[in-house]
Amino acid sequence: MNWENNVRKVVPYVAGEQPKQKDVIKLNTNECPYPPAPAVEKALKEIDFDSFRLYPDPDTTSITEALAKYYNVSTKNVFVGVGSDDVLSMAFLTFFNSDKPILFPDVTYSFYDVWADLYRIPYKTVPLKDDWSIDKEGFKQENGGVIFPNPNAPTGLFEDVSTVEEIVSANPDVVVIVDEAYIDFGGESVIPLTSKYDNLLVVQTFSKSRAMAGMRIGFCIGNEKLIGYLNDAKFSFNSYTMNRPAQELGALAVLDDAYFKDITGRIVKTREWVKIELKRLGFTFPDSKANFIFASHKSIPAKDIYTYLRTRNIFVRYWDKARINNSLRITIGTDEQMKTLIGALEEYIGDK
């Protein structure tokens with residue numbers, strides 16, 4: 001067994017549970033409750049099956065051009081990957097190579113420390129404040145790079161553009177990555193700042209607001225030089241990372257802006273109603289600007305609520321970790337799904 005001495009051992013990321021049964025209300029992985037844009041469905045039915053024998057476009061031209069036009073940037077400012085996790089992983093590998101630790105919040109997306117361990121990147125966490133907001137002063141210490149989500153996950157709190165810009169401007173010698181997976185549900189993107197700061201990389205995904213988690217499409221926008229370095233790393237791994245259907249269908253999803261705004265608007269409206277109902281039932285939570293709510297009950301442990309909801313085939317996310325082990329992350333589903341959730345909580349809390 002001596003070969004095991006040379007194995008790169010890491011503790012992997014644990015994704016949200018994907019129940020195999022059909023009759024569940026799945027509110028644990030922040031997926032969109034609505035289908036992708038109608039043009040995506042239509043194109044999928046008409047897709048050229050014969051094209052599958054050919055390699056996909058290594059430059060992801062169709063989706064890159066659609067994103068560049070939508071966000072009013074050059075195609076040289078856009079990098080596309082197989083989900084934002086792929087983009088973020090590639091960014092860690094490419095930009096975080098200092099002996100100094102990278103910085104990210106102590107309560108945040110739990111893939112960051114996994115990538116850091118995988119790529120042997122030293123890191124240090126910056127504790128969130130008691131109100132779950134980012135401590136911007138903590139990101140002004142010496143470091144080898146900075147990353148944080150905005151809105152943050154799992155808290156849902158959004159930091160305004162001025163706060164983000166202060167962090168970016170305080171770190172001119174390293175790359176600062178802002179993970180905007182949930183930005184379309186109420187926040188203001190800092191993509192415009194990429195024309196001002198050459199060290200800023202903004203990452204987004206099609207998995208939430210564009211309802212295409214199953215297609216695995218992510219992208220980032222940044223200075224042309226940053227994107228060039230990312231492409232160098234990508235083409236050192238695999239030239240053909242994104243399949244043909246994902247490229248074609250992703251481009252169509254970007255073009256249907258009316259549908260995109262409709263479903264995000266519906267999710268936001270439902271979220272605000274759920275906030276009112278959860279408060280009525282004795283829950284507290286940060287003011288989420290994401291497609292989920294990070295809620296704690298005033299008297300009932302989160303784990304007990306989580307366990308009860310599973311008996312009702314309602315899945316929410318629970319972590320048995322310091323600081324967050326008395327909170328549940330509840331994805332916003334359809335109005336019908338959320339009414340079922342609130343009804344189940346009313347029954348359970350009423351029995352206490």
# chains A, B, ... in the order shown; residues from 1 in each chain; ligands from 1
$ residues_around --residues "A:Gln337" --least-positions-apart "5" --cutoff "9 Å" --atoms "only C-alpha atoms" --output "list in words"
Ile25, Lys26, Leu27, Ile332 and Ile342 of chain A
$ residues_around --residues "stretch 166-171 of chain A" --least-positions-apart "3" --cutoff "8 Å" --atoms "only C-alpha atoms" --output "list in words"
Lys136, Phe139, Lys140, Ser162, Thr163, Val174, Val175, Val176, Tyr197, Asn199 and Leu200 of chain A
$ closest_atom_pairs --of "stretch 148-209 of chain A" --to "stretch 295-301 of chain A" --cutoff "12 Å" --atoms "only C-alpha atoms" --output "CSV"
residue,atom,partner,partner_atom,distance
A:Pro154,CA,A:Ala295,CA,10.0
A:Thr155,CA,A:Ala295,CA,8.7
A:Gly156,CA,A:Ala295,CA,10.3
$ write_last_selection --atoms "N, CA and C atoms" --output "short mmCIF file (atom, residue, chain, number, x, y, z; two decimals), in the first residue's frame"
data_model
loop_
_atom_site.label_atom_id
_atom_site.label_comp_id
_atom_site.auth_asym_id
_atom_site.auth_seq_id
_atom_site.Cartn_x
_atom_site.Cartn_y
_atom_site.Cartn_z
N PRO A 154 -24.24 30.76 3.11
CA PRO A 154 -25.68 30.55 3.08
C PRO A 154 -26.52 31.67 3.70
N THR A 155 -25.95 32.81 4.02
CA THR A 155 -26.71 33.82 4.76
C THR A 155 -27.67 34.62 3.89
N GLY A 156 -27.34 34.80 2.61
CA GLY A 156 -28.19 35.58 1.72
C GLY A 156 -27.99 37.07 1.79
#
$ residues_around --residues "stretch 223-236 of chain A" --least-positions-apart "5" --cutoff "6 Å" --atoms "only C-alpha atoms" --output "ChimeraX atom specification"
/A:76-77,198
$ atom_distance --atom1 "atom CA of A:Pro36" --atom2 "atom CA of A:Lys208"
10.3 Å
$ residues_around --residues "stretch 90-107 of chain A" --least-positions-apart "6" --cutoff "6 Å" --atoms "only C-alpha atoms" --output "list in words"
Pro122, Tyr123, Lys124, Thr125, Val126, Pro127, Asn143, Gly144, Gly145, Val146, Ile147 and Phe148 of chain A
$ write_last_selection --atoms "N, CA and C atoms" --output "short mmCIF file (atom, residue, chain, number, x, y, z; two decimals), in the first residue's frame"
data_model
loop_
_atom_site.label_atom_id
_atom_site.label_comp_id
_atom_site.auth_asym_id
_atom_site.auth_seq_id
_atom_site.Cartn_x
_atom_site.Cartn_y
_atom_site.Cartn_z
N PRO A 122 -2.61 28.02 0.86
CA PRO A 122 -2.87 28.43 2.24
C PRO A 122 -4.05 29.39 2.30
N TYR A 123 -4.84 29.29 3.35
CA TYR A 123 -5.99 30.19 3.45
C TYR A 123 -6.27 30.58 4.90
N LYS A 124 -6.99 31.67 5.03
CA LYS A 124 -7.39 32.17 6.34
C LYS A 124 -8.81 32.69 6.22
N THR A 125 -9.65 32.36 7.18
CA THR A 125 -11.03 32.83 7.13
C THR A 125 -11.19 34.12 7.94
N VAL A 126 -12.04 35.00 7.43
CA VAL A 126 -12.35 36.26 8.11
C VAL A 126 -13.75 36.14 8.69
N PRO A 127 -13.88 36.16 10.02
CA PRO A 127 -15.20 35.95 10.63
C PRO A 127 -16.21 37.01 10.18
N ASN A 143 -2.37 39.32 2.13
CA ASN A 143 -2.96 38.07 1.66
C ASN A 143 -2.46 37.72 0.27
N GLY A 144 -2.81 36.51 -0.18
CA GLY A 144 -2.45 36.05 -1.51
C GLY A 144 -3.62 36.04 -2.47
N GLY A 145 -4.74 36.60 -2.05
CA GLY A 145 -5.94 36.64 -2.88
C GLY A 145 -7.18 36.70 -2.01
N VAL A 146 -8.28 37.14 -2.58
CA VAL A 146 -9.53 37.31 -1.84
C VAL A 146 -10.68 36.72 -2.65
N ILE A 147 -11.59 36.04 -1.97
CA ILE A 147 -12.81 35.59 -2.62
C ILE A 147 -13.96 35.64 -1.62
N PHE A 148 -15.12 36.08 -2.09
CA PHE A 148 -16.33 36.03 -1.27
C PHE A 148 -17.55 36.10 -2.18
#
$ residues_around --residues "stretch 318-331 of chain A" --least-positions-apart "2" --cutoff "7 Å" --atoms "only C-alpha atoms" --output "list of chain:residue names"
A:Leu27, A:Asn28, A:Thr29, A:Asn30, A:Pro154, A:Asn291, A:Phe292, A:Ile293, A:Phe294, A:Ala295, A:Ser296, A:Pro301, A:Ala302, A:Lys303, A:Tyr306, A:Val316, A:Gly333
$ atom_distance --atom1 "atom CA of A:Phe237" --atom2 "atom CA of A:Leu67"
23.4 Å
$ closest_residue --among "A:Ile305, A:Cys32, A:Val87, A:Ile183" --to "A:Ala213" --atoms "only C-alpha atoms"
A:Cys32
$ atom_distance --atom1 "atom CA of A:Phe158" --atom2 "atom CA of A:Ser288"
7.3 Å
$ select_by_dssp --residues "stretch 84-121 of chain A" --states "strand (DSSP E)" --output "ChimeraX atom specification"
/A:102-105
$ closest_residue --among "A:Ala344, A:Glu142, A:Ser110, A:Phe285" --to "A:Val14" --atoms "only C-alpha atoms"
A:Ser110
$ select_by_dssp --residues "stretch 99-214 of chain A" --states "alpha helix (DSSP H)" --output "VMD selection string"
chain A and resid 112 to 118 161 to 169
$ closest_atom_pairs --of "stretch 183-212 of chain A" --to "stretch 40-52 of chain A" --cutoff "12 Å" --atoms "only C-alpha atoms" --output "Markdown table"
| residue | atom | partner | partner_atom | distance |
| --- | --- | --- | --- | --- |
| A:Arg210 | CA | A:Val40 | CA | 10.7 |
| A:Ala211 | CA | A:Val40 | CA | 10.5 |
| A:Met212 | CA | A:Val40 | CA | 9.7 |
